[in-house]
Amino acid sequence: QISHASQIVSMMHDGKTYDDKVLSSILTAQLSHSDGIRGFFATYLTTEDENAAADNEVIPQPLVEALEASDASIMVPLACMNVIMPTAMSTLHTDPQLQSNAALTAKRGVRILSFLSGHHNQLVEINLKAMIKAASDVSDDEKANKTVQYW
């Protein structure tokens with residue numbers, strides 16, 4: 001999936017004119033399952049391209065359309081992970097370059113999660129609250145919650 005994702009991300013970055021509908025269709029297929037989502041965002045959020053689409057304040061329209069078409073029950077938890085993991089790594093790395101890279105990945109992830117929050121606010125909130133509960137001392141009833149168990 002990462003190989004496909006790197007080709008898609010290259011299409012988004014290389015400045016060639018690709019039909020947005022075609023790119024949206026490709027992205028929608030890529031983001032239609034968890035492996036595709038992971039592969040795409042592993043590439044999109046960590047790219048080192050100078051003109052990275054991930055660094056634009058506005059998410060590219062083909063990606064917007066693919067995010068809107070994706071299964072939010074899969075996309076939202078993975079988007080949360082795409083913020084939490086690099087944020088944690090940015091605090092654990094001792095190498096300044098690795099810290100910087102992780103922080104940039106987290107910043108890019110926040111942009112995606114913020115977009116998703118505008119469309120699936122309740123689901124984002126459920127996952128964020130579950131993460132807090134999973135990281136804290138909670139009752140057995142709270143531990144039985146499926147989302148808390150996930151986190």
# chains A, B, ... in the order shown; residues from 1 in each chain; ligands from 1
>>> residues_around(residues="range 109-111 of chain A", least_positions_apart="2", cutoff="7 Å", atoms="only C-alpha atoms", output="number ranges by chain")
A: 45, 79, 82-83, 105-107, 113-115
>>> write_last_selection(atoms="N, CA and C atoms", output="tab-separated table (two decimals), in the first residue's frame")
chain	number	residue	atom	x	y	z
A	45	LEU	N	1.97	12.25	5.13
A	45	LEU	CA	2.32	13.05	6.30
A	45	LEU	C	3.82	13.15	6.56
A	79	ALA	N	-6.66	8.69	11.99
A	79	ALA	CA	-6.25	10.10	11.97
A	79	ALA	C	-5.80	10.54	13.36
A	82	ASN	N	-2.40	9.37	13.84
A	82	ASN	CA	-1.45	10.15	13.05
A	82	ASN	C	-1.09	11.47	13.71
A	83	VAL	N	-1.76	11.81	14.78
A	83	VAL	CA	-1.39	12.98	15.59
A	83	VAL	C	-0.65	12.52	16.84
A	105	THR	N	5.22	16.01	11.10
A	105	THR	CA	4.24	14.97	10.81
A	105	THR	C	2.99	15.17	11.67
A	106	ALA	N	3.18	15.47	12.95
A	106	ALA	CA	2.05	15.71	13.84
A	106	ALA	C	1.24	16.93	13.39
A	107	LYS	N	1.92	17.99	13.00
A	107	LYS	CA	1.24	19.21	12.53
A	107	LYS	C	0.39	18.90	11.30
A	113	LEU	N	-7.00	15.74	10.94
A	113	LEU	CA	-7.94	15.48	12.02
A	113	LEU	C	-8.91	16.64	12.21
A	114	SER	N	-8.42	17.85	12.07
A	114	SER	CA	-9.30	19.03	12.18
A	114	SER	C	-10.35	19.02	11.09
A	115	PHE	N	-9.95	18.66	9.88
A	115	PHE	CA	-10.92	18.55	8.79
A	115	PHE	C	-11.98	17.50	9.13
>>> select_by_dssp(residues="chain A", states="alpha helix (DSSP H)", output="NGL selection string")
:A and (2-13 or 20-30 or 34-44 or 61-69 or 72-92 or 96-134 or 140-143 or 146-150)
>>> closest_residue(among="A:Lys129, A:His33, A:Ser24, A:Arg108", to="Ser73 in chain A", atoms="only C-alpha atoms")
A:His33
>>> closest_residue(among="A:Leu92, A:Val148, A:Ala66, A:Ala53", to="Ala135 in chain A", atoms="only C-alpha atoms")
A:Val148
>>> residues_around(residues="Asp35 in chain A", least_positions_apart="6", cutoff="12 Å", atoms="only C-alpha atoms", output="list in words")
Gln1, Ile2, Ser3, His4, Ala5, Ala29, Phe41, Ala42, Ile74, Met75 and Leu78 of chain A
>>> residues_around(residues="Glu65 in chain A", least_positions_apart="3", cutoff="12 Å", atoms="only C-alpha atoms", output="number ranges by chain")
A: 20-29, 31, 59-62, 68-70, 115-116, 119
>>> atom_distance(atom1="CA of Thr47 in chain A", atom2="CA of Ser32 in chain A")
21.4 Å
>>> closest_residue(among="A:Ser10, A:Asn145, A:Ser90, A:Asn121", to="Asp49 in chain A", atoms="only C-alpha atoms")
A:Ser10
>>> closest_residue(among="A:Gln30, A:Ile37, A:Thr43, A:Gln122", to="Val9 in chain A", atoms="only C-alpha atoms")
A:Thr43
